[in-house]
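Text of target.csv, listed as CSV, C-alpha atoms:
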chain,number,residue,atom,x,y,z
U,19,MET,CA,74.4,77.5,85.4
U,20,LYS,CA,75.2,79.8,88.3
U,21,LYS,CA,78.5,81.7,88.0
U,22,ILE,CA,81.1,82.0,90.8
U,23,TYR,CA,83.6,84.8,90.9
U,24,LEU,CA,86.9,83.3,92.2
U,25,ALA,CA,88.5,86.0,94.3
U,26,GLY,CA,91.8,85.7,96.1
U,27,PRO,CA,95.5,86.5,96.0
U,28,GLU,CA,96.4,83.4,94.0
U,29,VAL,CA,96.3,85.8,90.9
U,30,PHE,CA,99.8,86.8,92.1
U,31,LEU,CA,101.2,83.2,92.0
U,32,PRO,CA,103.6,82.3,89.2
U,33,ASN,CA,101.2,79.5,88.3
U,34,ALA,CA,98.0,81.6,88.7
U,35,LYS,CA,96.4,80.3,85.5
U,36,GLU,CA,97.0,76.7,86.5
U,37,ILE,CA,95.3,77.3,89.9
U,38,GLY,CA,92.5,79.2,88.1
U,39,GLU,CA,91.9,76.2,85.9
U,40,LYS,CA,91.9,73.8,88.9
U,41,LYS,CA,89.3,76.0,90.6
U,42,LYS,CA,87.2,76.2,87.5
U,43,LYS,CA,87.2,72.3,87.2
U,44,LEU,CA,86.1,72.0,90.8
U,45,CYS,CA,83.3,74.5,90.1
U,46,GLU,CA,82.1,72.3,87.2
U,47,LYS,CA,82.2,69.2,89.4
U,48,TYR,CA,79.6,70.9,91.6
U,49,GLY,CA,77.5,72.3,88.7
U,50,PHE,CA,78.9,75.9,88.7
U,51,GLU,CA,80.8,78.0,86.2
U,52,GLY,CA,84.0,79.5,87.8
U,53,ILE,CA,85.1,83.0,86.6
U,54,PHE,CA,88.7,83.8,87.4
U,55,PRO,CA,89.8,87.5,87.7
U,56,LEU,CA,92.3,89.1,85.4
U,57,ASP,CA,95.5,90.3,86.8
U,58,ASN,CA,98.5,90.9,84.6
U,59,GLU,CA,97.1,89.6,81.4
U,60,ILE,CA,96.5,92.8,79.5
U,61,ASP,CA,99.4,93.7,77.3
U,62,VAL,CA,98.7,96.7,75.1
U,63,SER,CA,102.0,98.4,74.3
U,64,LYS,CA,100.5,101.9,74.0
U,65,LEU,CA,99.1,102.0,77.5
U,66,THR,CA,100.9,103.0,80.7
U,67,PRO,CA,101.0,100.5,83.6
U,68,HIS,CA,98.5,102.8,85.4
U,69,GLU,CA,96.1,102.7,82.5
U,70,ILE,CA,96.4,98.9,82.3
U,71,GLY,CA,95.8,98.6,86.1
U,72,LEU,CA,92.6,100.7,85.8
U,73,ILE,CA,91.3,98.5,83.0
U,74,ILE,CA,92.0,95.3,84.9
U,75,GLY,CA,90.0,96.8,87.9
U,76,ALA,CA,87.1,97.7,85.7
U,77,VAL,CA,87.0,94.3,84.0
U,78,ASN,CA,87.1,92.5,87.4
U,79,GLU,CA,84.1,94.6,88.6
U,80,SER,CA,82.2,93.6,85.4
U,81,LEU,CA,83.0,90.0,86.0
U,82,ILE,CA,81.6,90.2,89.6
U,83,GLN,CA,78.5,91.9,88.1
U,84,ILE,CA,77.8,88.9,85.9
U,85,CYS,CA,78.3,86.4,88.7
U,86,ASP,CA,75.8,85.0,91.2
U,87,LEU,CA,78.1,84.2,94.0
U,88,VAL,CA,81.7,84.7,95.1
U,89,ILE,CA,84.2,82.2,96.7
U,90,ALA,CA,87.0,84.3,98.2
U,91,ASN,CA,90.3,83.1,99.4
U,92,ILE,CA,90.7,85.2,102.6
U,93,THR,CA,94.0,83.6,103.7
U,94,PRO,CA,96.2,86.4,105.3
U,95,PHE,CA,98.4,88.0,102.7
U,96,ARG,CA,101.5,90.0,103.5
U,97,SER,CA,99.8,91.2,106.7
U,98,PRO,CA,97.5,89.8,109.4
U,99,SER,CA,94.6,90.4,107.0
U,100,LEU,CA,93.4,89.1,103.7
U,101,ASP,CA,94.5,90.7,100.4
U,102,VAL,CA,93.0,94.2,100.1
U,103,GLY,CA,91.9,93.6,96.5
U,104,THR,CA,89.9,90.6,97.7
U,105,ALA,CA,88.5,92.7,100.5
U,106,TYR,CA,87.4,95.3,98.0
U,107,GLU,CA,85.8,92.6,95.8
U,108,ILE,CA,83.9,91.1,98.8
U,109,GLY,CA,82.5,94.6,99.6
U,110,TYR,CA,81.6,95.2,95.9
U,111,ALA,CA,79.9,91.8,95.7
U,112,LYS,CA,78.0,92.4,99.0
U,113,ALA,CA,76.5,95.7,97.7
U,114,SER,CA,75.7,93.9,94.4
U,115,ASN,CA,73.7,91.3,96.4
U,116,LEU,CA,75.8,88.3,95.6
U,117,THR,CA,76.2,85.5,98.1
U,118,ILE,CA,79.8,85.2,99.4
U,119,PHE,CA,81.6,82.2,100.6
U,120,ALA,CA,85.2,82.4,101.8
U,121,TYR,CA,88.0,80.2,103.0
U,122,SER,CA,91.3,80.7,104.8
U,123,THR,CA,94.1,78.2,105.3
U,124,THR,CA,94.6,79.3,108.9
U,125,SER,CA,92.2,78.9,111.8
U,126,GLU,CA,93.8,81.5,114.0
U,127,LEU,CA,91.4,84.3,115.1
U,128,PHE,CA,92.1,87.8,113.7
U,129,SER,CA,92.8,89.3,117.1
U,130,GLU,CA,95.5,86.6,117.6
U,131,ARG,CA,97.1,87.2,114.3
U,132,VAL,CA,97.2,91.0,114.8
U,133,SER,CA,98.8,90.6,118.2
U,134,LEU,CA,101.4,88.1,116.9
U,135,PHE,CA,102.2,90.3,113.9
U,136,LEU,CA,102.8,93.3,116.2
U,137,GLY,CA,104.8,91.2,118.7
U,138,LEU,CA,102.3,91.8,121.4
U,139,ASP,CA,100.6,89.5,124.0
U,140,ILE,CA,97.9,87.5,122.3
U,141,ARG,CA,95.3,89.2,124.5
U,142,ALA,CA,96.5,92.7,123.8
U,143,LYS,CA,93.6,95.2,123.4
U,144,THR,CA,95.6,98.0,121.8
U,145,ASP,CA,98.8,98.3,119.8
U,146,ARG,CA,101.8,100.6,120.6
U,147,MET,CA,100.1,103.6,119.2
U,148,GLY,CA,97.1,102.9,121.4
U,149,MET,CA,95.0,101.8,118.4
U,150,GLN,CA,92.4,99.2,119.2
U,151,ILE,CA,92.9,95.6,118.2
U,152,GLU,CA,89.5,94.3,117.2
U,153,ARG,CA,88.3,91.5,119.5
U,154,PHE,CA,85.1,90.3,118.0
U,155,GLU,CA,86.0,86.6,117.8
U,156,MET,CA,86.2,87.0,114.0
U,157,VAL,CA,88.2,85.6,111.2
U,158,ASP,CA,89.2,89.1,110.0
U,159,ASN,CA,88.1,92.8,110.3
U,160,LEU,CA,84.4,92.9,111.2
U,161,MET,CA,83.4,94.3,107.8
U,162,ILE,CA,84.8,91.2,106.1
U,163,ASP,CA,83.1,88.6,108.4
U,164,GLY,CA,80.0,90.8,108.5
U,165,GLY,CA,79.7,91.1,104.8
U,166,ILE,CA,80.1,87.4,104.2
U,167,ILE,CA,77.7,86.2,106.9
U,168,GLY,CA,75.3,89.0,106.0
U,169,SER,CA,75.2,87.8,102.4
U,170,SER,CA,73.9,84.3,103.7
U,171,GLY,CA,77.4,82.9,102.9
U,172,ASN,CA,79.9,81.2,105.2
U,173,ILE,CA,83.5,81.1,106.1
U,174,ILE,CA,85.5,77.8,106.1
U,175,LEU,CA,88.7,77.5,108.0
U,176,THR,CA,91.4,74.9,107.4
U,177,ASP,CA,94.9,74.6,108.8
U,178,VAL,CA,97.6,74.3,106.1
U,179,SER,CA,101.0,74.2,107.7
U,180,SER,CA,103.1,74.1,104.6
U,181,LEU,CA,104.0,77.6,103.5
U,182,LYS,CA,104.2,76.4,99.9
U,183,GLU,CA,100.6,75.3,100.0
U,184,LYS,CA,99.2,78.3,101.9
U,185,TYR,CA,97.7,79.8,98.8
U,186,THR,CA,97.2,76.7,96.6
U,187,ASP,CA,95.5,74.2,99.0
U,188,LEU,CA,91.9,73.8,97.8
U,189,ASP,CA,90.3,71.9,100.6
U,190,GLY,CA,88.5,75.0,102.0
U,191,PHE,CA,87.6,76.0,98.5
U,192,GLU,CA,85.9,72.7,97.8
U,193,LYS,CA,84.1,72.9,101.2
U,194,CYS,CA,82.7,76.2,100.0
U,195,LEU,CA,81.5,74.6,96.8
U,196,ILE,CA,79.7,71.9,98.8
U,197,LEU,CA,77.9,74.6,100.8
U,198,ALA,CA,77.1,76.6,97.6
U,199,LYS,CA,75.6,73.5,96.0
U,200,GLU,CA,73.5,72.9,99.1
U,201,LYS,CA,72.2,76.4,98.8
U,202,PHE,CA,71.9,76.8,95.0
U,203,GLY,CA,72.2,73.4,93.5
E,19,MET,CA,73.0,118.6,101.9
E,20,LYS,CA,75.2,115.8,100.5
E,21,LYS,CA,76.3,113.2,103.0
E,22,ILE,CA,79.9,111.9,103.2
E,23,TYR,CA,80.8,108.5,104.7
E,24,LEU,CA,84.1,108.9,106.6
E,25,ALA,CA,85.9,105.7,106.1
E,26,GLY,CA,89.3,104.9,107.6
E,27,PRO,CA,91.3,103.2,110.4
E,28,GLU,CA,91.0,106.2,112.8
E,29,VAL,CA,88.0,104.3,114.3
E,30,PHE,CA,90.7,102.3,116.1
E,31,LEU,CA,92.3,105.4,117.7
E,32,PRO,CA,91.8,106.0,121.4
E,33,ASN,CA,90.4,109.4,120.5
E,34,ALA,CA,88.4,108.2,117.5
E,35,LYS,CA,85.3,110.2,118.5
E,36,GLU,CA,87.4,113.4,118.7
E,37,ILE,CA,88.8,112.8,115.2
E,38,GLY,CA,85.3,112.0,114.0
E,39,GLU,CA,84.0,115.3,115.3
E,40,LYS,CA,86.9,117.2,113.7
E,41,LYS,CA,86.2,115.5,110.4
E,42,LYS,CA,82.5,116.3,110.7
E,43,LYS,CA,83.2,120.0,111.4
E,44,LEU,CA,85.5,120.2,108.3
E,45,CYS,CA,82.7,118.6,106.3
E,46,GLU,CA,80.3,121.3,107.5
E,47,LYS,CA,82.8,124.0,106.5
E,48,TYR,CA,82.5,122.8,102.9
E,49,GLY,CA,78.8,122.3,102.9
E,50,PHE,CA,78.6,118.6,103.6
E,51,GLU,CA,77.3,116.4,106.3
E,52,GLY,CA,79.9,113.9,107.6
E,53,ILE,CA,78.8,110.4,108.8
E,54,PHE,CA,81.4,108.6,111.0
E,55,PRO,CA,81.2,104.8,111.1
E,56,LEU,CA,80.5,102.9,114.3
E,57,ASP,CA,83.2,100.8,115.7
E,58,ASN,CA,83.2,99.6,119.3
E,59,GLU,CA,80.2,101.6,120.4
E,60,ILE,CA,77.5,99.0,120.7
E,61,ASP,CA,77.3,97.6,124.3
E,62,VAL,CA,74.4,95.2,124.7
E,63,SER,CA,75.3,92.8,127.5
E,64,LYS,CA,73.3,89.9,126.2
E,65,LEU,CA,75.1,89.7,122.9
E,66,THR,CA,78.4,87.9,122.1
E,67,PRO,CA,81.3,89.9,120.7
E,68,HIS,CA,80.7,88.1,117.4
E,69,GLU,CA,77.1,89.2,117.3
E,70,ILE,CA,78.1,92.8,118.1
E,71,GLY,CA,80.7,92.7,115.3
E,72,LEU,CA,78.0,91.6,112.8
E,73,ILE,CA,75.7,94.4,113.9
E,74,ILE,CA,78.4,97.0,113.6
E,75,GLY,CA,79.2,95.8,110.1
E,76,ALA,CA,75.5,95.9,109.0
E,77,VAL,CA,75.0,99.4,110.5
E,78,ASN,CA,78.1,100.7,108.6
E,79,GLU,CA,76.8,99.3,105.3
E,80,SER,CA,73.5,101.1,105.9
E,81,LEU,CA,75.4,104.3,106.7
E,82,ILE,CA,77.2,104.0,103.3
E,83,GLN,CA,73.8,103.4,101.6
E,84,ILE,CA,72.4,106.8,102.9
E,85,CYS,CA,75.5,108.7,101.8
E,86,ASP,CA,76.3,110.3,98.4
E,87,LEU,CA,80.1,110.1,98.6
E,88,VAL,CA,83.0,108.6,100.6
E,89,ILE,CA,86.2,110.1,101.8
E,90,ALA,CA,88.5,107.2,102.8
E,91,ASN,CA,91.7,107.3,104.7
E,92,ILE,CA,93.8,104.8,102.8
E,93,THR,CA,97.0,105.4,104.8
E,94,PRO,CA,98.8,102.0,105.1
E,95,PHE,CA,97.6,100.2,108.2
E,96,ARG,CA,99.6,97.3,109.9
E,97,SER,CA,100.7,96.3,106.4
E,98,PRO,CA,101.9,97.8,103.1
E,99,SER,CA,98.2,98.4,102.3
E,100,LEU,CA,95.2,100.3,103.6
E,101,ASP,CA,93.0,98.9,106.4
E,102,VAL,CA,90.9,96.0,105.0
E,103,GLY,CA,87.7,97.3,106.5
E,104,THR,CA,88.2,100.5,104.5
E,105,ALA,CA,89.0,98.5,101.4
E,106,TYR,CA,85.7,96.6,101.8
E,107,GLU,CA,83.8,99.9,102.3
E,108,ILE,CA,85.4,101.4,99.2
E,109,GLY,CA,84.2,98.3,97.2
E,110,TYR,CA,80.8,98.5,98.7
E,111,ALA,CA,80.5,102.2,98.0
E,112,LYS,CA,81.7,101.7,94.4
E,113,ALA,CA,79.0,99.1,93.7
E,114,SER,CA,76.5,101.4,95.3
E,115,ASN,CA,77.5,104.2,92.8
E,116,LEU,CA,78.9,106.6,95.4
E,117,THR,CA,81.8,108.9,94.4
E,118,ILE,CA,84.9,108.0,96.4
E,119,PHE,CA,87.7,110.4,97.4
E,120,ALA,CA,90.7,109.0,99.3
E,121,TYR,CA,93.8,110.3,101.0
E,122,SER,CA,97.0,108.8,102.4
E,123,THR,CA,99.7,110.3,104.5
E,124,THR,CA,102.4,108.7,102.5
E,125,SER,CA,103.3,109.3,98.9
E,126,GLU,CA,105.3,106.2,98.4
E,127,LEU,CA,104.0,104.0,95.6
E,128,PHE,CA,102.4,100.6,96.5
E,129,SER,CA,105.2,98.6,94.7
E,130,GLU,CA,107.8,100.4,96.8
E,131,ARG,CA,106.0,99.8,100.1
E,132,VAL,CA,105.5,96.1,99.4
E,133,SER,CA,109.2,95.7,98.5
E,134,LEU,CA,110.4,97.5,101.6
E,135,PHE,CA,107.9,95.6,103.8
E,136,LEU,CA,109.3,92.3,102.5
E,137,GLY,CA,112.9,93.5,102.8
E,138,LEU,CA,113.4,93.2,99.0
E,139,ASP,CA,114.9,95.5,96.4
E,140,ILE,CA,112.6,98.4,95.6
E,141,ARG,CA,112.3,97.1,92.0
E,142,ALA,CA,111.6,93.5,92.9
E,143,LYS,CA,108.9,92.0,90.7
E,144,THR,CA,108.1,89.0,92.9
E,145,ASP,CA,108.4,88.0,96.6
E,146,ARG,CA,110.2,85.0,98.0
E,147,MET,CA,107.3,82.7,97.2
E,148,GLY,CA,107.4,83.9,93.6
E,149,MET,CA,104.2,85.9,94.1
E,150,GLN,CA,103.9,88.9,91.9
E,151,ILE,CA,104.5,92.4,93.4
E,152,GLU,CA,102.0,94.6,91.5
E,153,ARG,CA,103.8,97.3,89.5
E,154,PHE,CA,101.0,99.5,88.1
E,155,GLU,CA,102.3,102.8,89.4
E,156,MET,CA,99.5,102.9,91.8
E,157,VAL,CA,98.8,104.0,95.4
E,158,ASP,CA,97.6,100.6,96.5
E,159,ASN,CA,96.2,97.3,95.0
E,160,LEU,CA,94.7,98.1,91.5
E,161,MET,CA,91.2,97.3,92.7
E,162,ILE,CA,91.5,100.2,95.2
E,163,ASP,CA,92.9,102.8,92.8
E,164,GLY,CA,90.7,101.5,90.1
E,165,GLY,CA,87.5,101.8,92.2
E,166,ILE,CA,88.3,105.3,93.3
E,167,ILE,CA,89.3,106.7,89.9
E,168,GLY,CA,86.4,104.8,88.3
E,169,SER,CA,83.9,106.4,90.6
E,170,SER,CA,85.1,109.9,89.3
E,171,GLY,CA,86.9,110.4,92.6
E,172,ASN,CA,90.5,111.1,93.3
E,173,ILE,CA,93.4,110.2,95.6
E,174,ILE,CA,95.3,112.9,97.5
E,175,LEU,CA,98.8,112.0,98.8
E,176,THR,CA,100.6,114.0,101.5
E,177,ASP,CA,103.8,113.2,103.4
E,178,VAL,CA,103.4,113.1,107.2
E,179,SER,CA,106.7,112.2,108.8
E,180,SER,CA,105.4,112.1,112.4
E,181,LEU,CA,104.3,108.6,113.3
E,182,LYS,CA,102.0,110.2,115.9
E,183,GLU,CA,100.1,112.1,113.2
E,184,LYS,CA,100.1,109.4,110.6
E,185,TYR,CA,96.4,108.7,111.2
E,186,THR,CA,95.3,112.0,112.5
E,187,ASP,CA,96.7,114.6,110.1
E,188,LEU,CA,93.7,116.0,108.1
E,189,ASP,CA,95.5,118.0,105.3
E,190,GLY,CA,94.8,115.3,102.7
E,191,PHE,CA,91.2,115.0,104.1
E,192,GLU,CA,90.6,118.7,103.6
E,193,LYS,CA,92.0,118.6,100.1
E,194,CYS,CA,89.5,115.8,99.3
E,195,LEU,CA,86.7,118.1,100.7
E,196,ILE,CA,87.8,120.9,98.3
E,197,LEU,CA,87.7,118.5,95.4
E,198,ALA,CA,84.3,117.2,96.5
E,199,LYS,CA,83.0,120.8,96.8
E,200,GLU,CA,84.2,121.5,93.2
E,201,LYS,CA,82.3,118.5,92.0
E,202,PHE,CA,79.1,118.6,94.1
E,203,GLY,CA,79.0,122.1,95.7
How does this structure look as structure tokens?
Amino acid sequence: MKKIYLAGPEVFLPNAKEIGEKKKKLCEKYGFEGIFPLDNEIDVSKLTPHEIGLIIGAVNESLIQICDLVIANITPFRSPSLDVGTAYEIGYAKASNLTIFAYSTTSELFSERVSLFLGLDIRAKTDRMGMQIERFEMVDNLMIDGGIIGSSGNIILTDVSSLKEKYTDLDGFEKCLILAKEKFG
Amino acid sequence: MKKIYLAGPEVFLPNAKEIGEKKKKLCEKYGFEGIFPLDNEIDVSKLTPHEIGLIIGAVNESLIQICDLVIANITPFRSPSLDVGTAYEIGYAKASNLTIFAYSTTSELFSERVSLFLGLDIRAKTDRMGMQIERFEMVDNLMIDGGIIGSSGNIILTDVSSLKEKYTDLDGFEKCLILAKEKFG
């Protein structure tokens, strides 16, 4: 059974485990095994927070290594872009030759989100420091879209208006599973 | 001569090429060859912006593949975190077994930056949606710090107060070169 690494910022949700279990069940439904990353689950009293963080990072890399594909939640997180931990994992997975599927609960283009975030006109080409606003008709920074498409994966966009469901809605996730099953099933 | 991939958001600066040249000269000074990523430099009239973006992403990945190490500018970019393209490249480089050095022009901890960005108390453990604020005494998300430290690299923090020099100051970059020379020189 092919293994899917479940990347995304839902590890930070108060009900992260519950979401992880839901995702794993959906993976099973499509004939895959879902692997949910660790986040705050290591509790060894003799270690410093920094040491614990390093261990979690190393464990998550090993989990990616044993997987065949990734489904990443690239919904913007505390910025116009996806969570940077997820960005790292997509890059790590791409270099490890995994196929990467991704979903986001907004269909706005990256260029639009950056402009809105900075309070600029939606067609702005640069920010107030003169720094370029990427306009490649992409979902996020070109390395992210490029890595996913280049891995023979795909990006699914939905529009979830409820803030509460922004990181928990699994419609896009299930659509990724359907594509993954077509490819690997 | 060992090759260094020069990752960071300075590709978005209006004088990106000039900064790239400065960085390459500093690399030479320490016995390395610096490789600056492409950004907006492909101009083929028959291609769509999306196609150009995909090509740039693929070229940057190949550039990382031919390098021995990375020096990444992880200064926060339009968010409490580093540029997501740089995060992707660090992950890609880690999985490709490169050594990664990084620098930031702020010495604030990640947890402090996230809290300030969200307008919360500096010791806040969660945001308004109940989502965890990572408190691992790290420079950024634990995958970033973990990837860099785990690659036998290091993170250099400086404090650049001038907004204008936030992405152009090269003190931290040169300190990374000194460490790289100690390790590889």
Go ahead and align chain U to chain E (same sequence, so just pair every C-alpha in order, least squares) and export the moved chain as a CSV table (one decimal) with C-alpha atoms, in the frame of the given file.
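Written file, superposed_32.csv:
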chain,number,residue,atom,x,y,z
U,19,MET,CA,73.0,118.6,102.0
U,20,LYS,CA,75.1,115.8,100.5
U,21,LYS,CA,76.4,113.2,103.0
U,22,ILE,CA,80.0,111.9,103.2
U,23,TYR,CA,80.8,108.5,104.7
U,24,LEU,CA,84.1,109.0,106.6
U,25,ALA,CA,85.9,105.7,106.2
U,26,GLY,CA,89.3,104.9,107.6
U,27,PRO,CA,91.2,103.2,110.4
U,28,GLU,CA,91.0,106.2,112.7
U,29,VAL,CA,88.0,104.3,114.3
U,30,PHE,CA,90.7,102.3,116.1
U,31,LEU,CA,92.4,105.4,117.7
U,32,PRO,CA,91.8,106.0,121.4
U,33,ASN,CA,90.5,109.4,120.5
U,34,ALA,CA,88.4,108.2,117.5
U,35,LYS,CA,85.3,110.2,118.5
U,36,GLU,CA,87.3,113.4,118.8
U,37,ILE,CA,88.8,112.8,115.2
U,38,GLY,CA,85.3,112.0,114.0
U,39,GLU,CA,84.0,115.3,115.3
U,40,LYS,CA,86.9,117.2,113.7
U,41,LYS,CA,86.2,115.5,110.4
U,42,LYS,CA,82.5,116.3,110.7
U,43,LYS,CA,83.3,120.0,111.3
U,44,LEU,CA,85.5,120.2,108.3
U,45,CYS,CA,82.6,118.6,106.2
U,46,GLU,CA,80.3,121.4,107.4
U,47,LYS,CA,82.8,124.0,106.5
U,48,TYR,CA,82.5,122.8,102.9
U,49,GLY,CA,78.7,122.4,102.9
U,50,PHE,CA,78.6,118.5,103.6
U,51,GLU,CA,77.3,116.4,106.3
U,52,GLY,CA,80.0,113.9,107.6
U,53,ILE,CA,78.8,110.4,108.8
U,54,PHE,CA,81.3,108.6,110.9
U,55,PRO,CA,81.3,104.7,111.1
U,56,LEU,CA,80.5,102.9,114.3
U,57,ASP,CA,83.2,100.7,115.7
U,58,ASN,CA,83.1,99.6,119.3
U,59,GLU,CA,80.2,101.6,120.4
U,60,ILE,CA,77.5,99.0,120.8
U,61,ASP,CA,77.3,97.6,124.3
U,62,VAL,CA,74.4,95.2,124.7
U,63,SER,CA,75.3,92.8,127.6
U,64,LYS,CA,73.3,89.9,126.2
U,65,LEU,CA,75.1,89.7,122.9
U,66,THR,CA,78.4,87.9,122.1
U,67,PRO,CA,81.3,89.9,120.7
U,68,HIS,CA,80.7,88.1,117.3
U,69,GLU,CA,77.0,89.2,117.3
U,70,ILE,CA,78.0,92.8,118.2
U,71,GLY,CA,80.7,92.8,115.4
U,72,LEU,CA,78.0,91.6,112.8
U,73,ILE,CA,75.7,94.4,113.9
U,74,ILE,CA,78.4,97.1,113.6
U,75,GLY,CA,79.1,95.8,110.0
U,76,ALA,CA,75.5,95.9,109.0
U,77,VAL,CA,75.0,99.4,110.5
U,78,ASN,CA,78.2,100.7,108.6
U,79,GLU,CA,76.8,99.3,105.3
U,80,SER,CA,73.5,101.1,106.0
U,81,LEU,CA,75.3,104.3,106.7
U,82,ILE,CA,77.2,104.0,103.3
U,83,GLN,CA,73.8,103.4,101.6
U,84,ILE,CA,72.5,106.7,102.9
U,85,CYS,CA,75.6,108.6,101.8
U,86,ASP,CA,76.4,110.3,98.5
U,87,LEU,CA,80.1,110.1,98.6
U,88,VAL,CA,82.9,108.6,100.6
U,89,ILE,CA,86.2,110.1,101.8
U,90,ALA,CA,88.5,107.2,102.8
U,91,ASN,CA,91.7,107.4,104.7
U,92,ILE,CA,93.8,104.9,102.7
U,93,THR,CA,97.0,105.4,104.8
U,94,PRO,CA,98.8,102.0,105.1
U,95,PHE,CA,97.7,100.2,108.2
U,96,ARG,CA,99.6,97.4,109.9
U,97,SER,CA,100.8,96.3,106.4
U,98,PRO,CA,101.8,97.9,103.1
U,99,SER,CA,98.1,98.3,102.3
U,100,LEU,CA,95.2,100.3,103.6
U,101,ASP,CA,92.9,98.9,106.4
U,102,VAL,CA,90.9,96.0,105.0
U,103,GLY,CA,87.7,97.3,106.4
U,104,THR,CA,88.2,100.5,104.5
U,105,ALA,CA,89.0,98.5,101.4
U,106,TYR,CA,85.7,96.6,101.8
U,107,GLU,CA,83.8,99.9,102.3
U,108,ILE,CA,85.4,101.4,99.2
U,109,GLY,CA,84.3,98.3,97.2
U,110,TYR,CA,80.8,98.5,98.7
U,111,ALA,CA,80.5,102.2,98.0
U,112,LYS,CA,81.8,101.7,94.4
U,113,ALA,CA,79.0,99.1,93.6
U,114,SER,CA,76.5,101.4,95.3
U,115,ASN,CA,77.5,104.2,92.8
U,116,LEU,CA,78.9,106.6,95.3
U,117,THR,CA,81.8,108.9,94.4
U,118,ILE,CA,85.0,108.1,96.4
U,119,PHE,CA,87.7,110.3,97.4
U,120,ALA,CA,90.7,109.1,99.4
U,121,TYR,CA,93.8,110.3,101.0
U,122,SER,CA,97.0,108.7,102.4
U,123,THR,CA,99.7,110.4,104.5
U,124,THR,CA,102.5,108.7,102.5
U,125,SER,CA,103.4,109.4,98.9
U,126,GLU,CA,105.3,106.2,98.4
U,127,LEU,CA,104.1,104.0,95.5
U,128,PHE,CA,102.5,100.6,96.5
U,129,SER,CA,105.1,98.6,94.7
U,130,GLU,CA,107.8,100.4,96.8
U,131,ARG,CA,106.0,99.8,100.1
U,132,VAL,CA,105.5,96.1,99.3
U,133,SER,CA,109.2,95.7,98.5
U,134,LEU,CA,110.3,97.5,101.6
U,135,PHE,CA,107.9,95.6,103.8
U,136,LEU,CA,109.3,92.3,102.5
U,137,GLY,CA,112.9,93.5,102.7
U,138,LEU,CA,113.4,93.2,99.0
U,139,ASP,CA,114.9,95.5,96.4
U,140,ILE,CA,112.6,98.3,95.6
U,141,ARG,CA,112.3,97.1,92.0
U,142,ALA,CA,111.6,93.5,92.9
U,143,LYS,CA,108.9,91.9,90.7
U,144,THR,CA,108.1,88.9,92.8
U,145,ASP,CA,108.4,88.1,96.5
U,146,ARG,CA,110.2,85.0,98.0
U,147,MET,CA,107.3,82.7,97.2
U,148,GLY,CA,107.4,83.9,93.6
U,149,MET,CA,104.2,85.9,94.0
U,150,GLN,CA,104.0,88.9,91.9
U,151,ILE,CA,104.4,92.4,93.3
U,152,GLU,CA,102.0,94.6,91.5
U,153,ARG,CA,103.8,97.3,89.5
U,154,PHE,CA,101.0,99.5,88.1
U,155,GLU,CA,102.4,102.8,89.4
U,156,MET,CA,99.5,102.9,91.9
U,157,VAL,CA,98.9,104.0,95.4
U,158,ASP,CA,97.6,100.6,96.5
U,159,ASN,CA,96.2,97.3,95.0
U,160,LEU,CA,94.7,98.0,91.5
U,161,MET,CA,91.2,97.4,92.7
U,162,ILE,CA,91.5,100.2,95.3
U,163,ASP,CA,92.9,102.8,92.8
U,164,GLY,CA,90.6,101.5,90.1
U,165,GLY,CA,87.5,101.8,92.2
U,166,ILE,CA,88.3,105.3,93.3
U,167,ILE,CA,89.2,106.7,89.9
U,168,GLY,CA,86.4,104.8,88.3
U,169,SER,CA,83.9,106.4,90.6
U,170,SER,CA,85.0,109.9,89.3
U,171,GLY,CA,86.8,110.4,92.6
U,172,ASN,CA,90.5,111.1,93.3
U,173,ILE,CA,93.3,110.2,95.5
U,174,ILE,CA,95.4,112.9,97.5
U,175,LEU,CA,98.8,112.1,98.8
U,176,THR,CA,100.6,113.9,101.5
U,177,ASP,CA,103.8,113.2,103.4
U,178,VAL,CA,103.4,113.1,107.2
U,179,SER,CA,106.6,112.1,108.8
U,180,SER,CA,105.5,112.1,112.4
U,181,LEU,CA,104.3,108.6,113.3
U,182,LYS,CA,101.9,110.2,115.9
U,183,GLU,CA,100.2,112.1,113.2
U,184,LYS,CA,100.0,109.4,110.6
U,185,TYR,CA,96.4,108.7,111.2
U,186,THR,CA,95.2,112.1,112.6
U,187,ASP,CA,96.7,114.6,110.1
U,188,LEU,CA,93.8,116.1,108.1
U,189,ASP,CA,95.5,118.0,105.3
U,190,GLY,CA,94.7,115.3,102.7
U,191,PHE,CA,91.2,115.0,104.1
U,192,GLU,CA,90.5,118.7,103.6
U,193,LYS,CA,92.0,118.5,100.1
U,194,CYS,CA,89.4,115.9,99.4
U,195,LEU,CA,86.7,118.1,100.6
U,196,ILE,CA,87.9,120.9,98.3
U,197,LEU,CA,87.7,118.5,95.4
U,198,ALA,CA,84.2,117.2,96.5
U,199,LYS,CA,82.9,120.8,96.7
U,200,GLU,CA,84.2,121.5,93.3
U,201,LYS,CA,82.3,118.5,92.0
U,202,PHE,CA,79.1,118.7,94.1
U,203,GLY,CA,79.0,122.1,95.7
Problem set entry | Straight-line distance linking atom CA of U:Asp101 with atom CA of E:Ser125, stated in Å to one decimal | 20.6 Å
For this session: Using all atoms listed in the file, determine which residues lie at most 12 Å from E:Glu126, disregarding the query and same-chain residues fewer than 5 positions distant; provide the list as a ChimeraX atom specification.
Result: /E:93-94,98-99,131-134,140,155-158,175-178
Exercise. Taking all atoms listed in the file into account, which of U:Asn159, U:Thr123, U:Gln83, U:Asn91 comes nearest E:His68?
Worked result: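 Smallest distance to E:His68 is found for U:Asn159.
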For this session: Find the residues in chain E near chain U: any atom within 7 Å counts, using all atoms listed in the file. Write them as a ChimeraX atom specification.
Result: /E:30-32,67-68,71-72,75-76,96-97,102-103,105-110,112-114,148-150,154-156,159-162,164
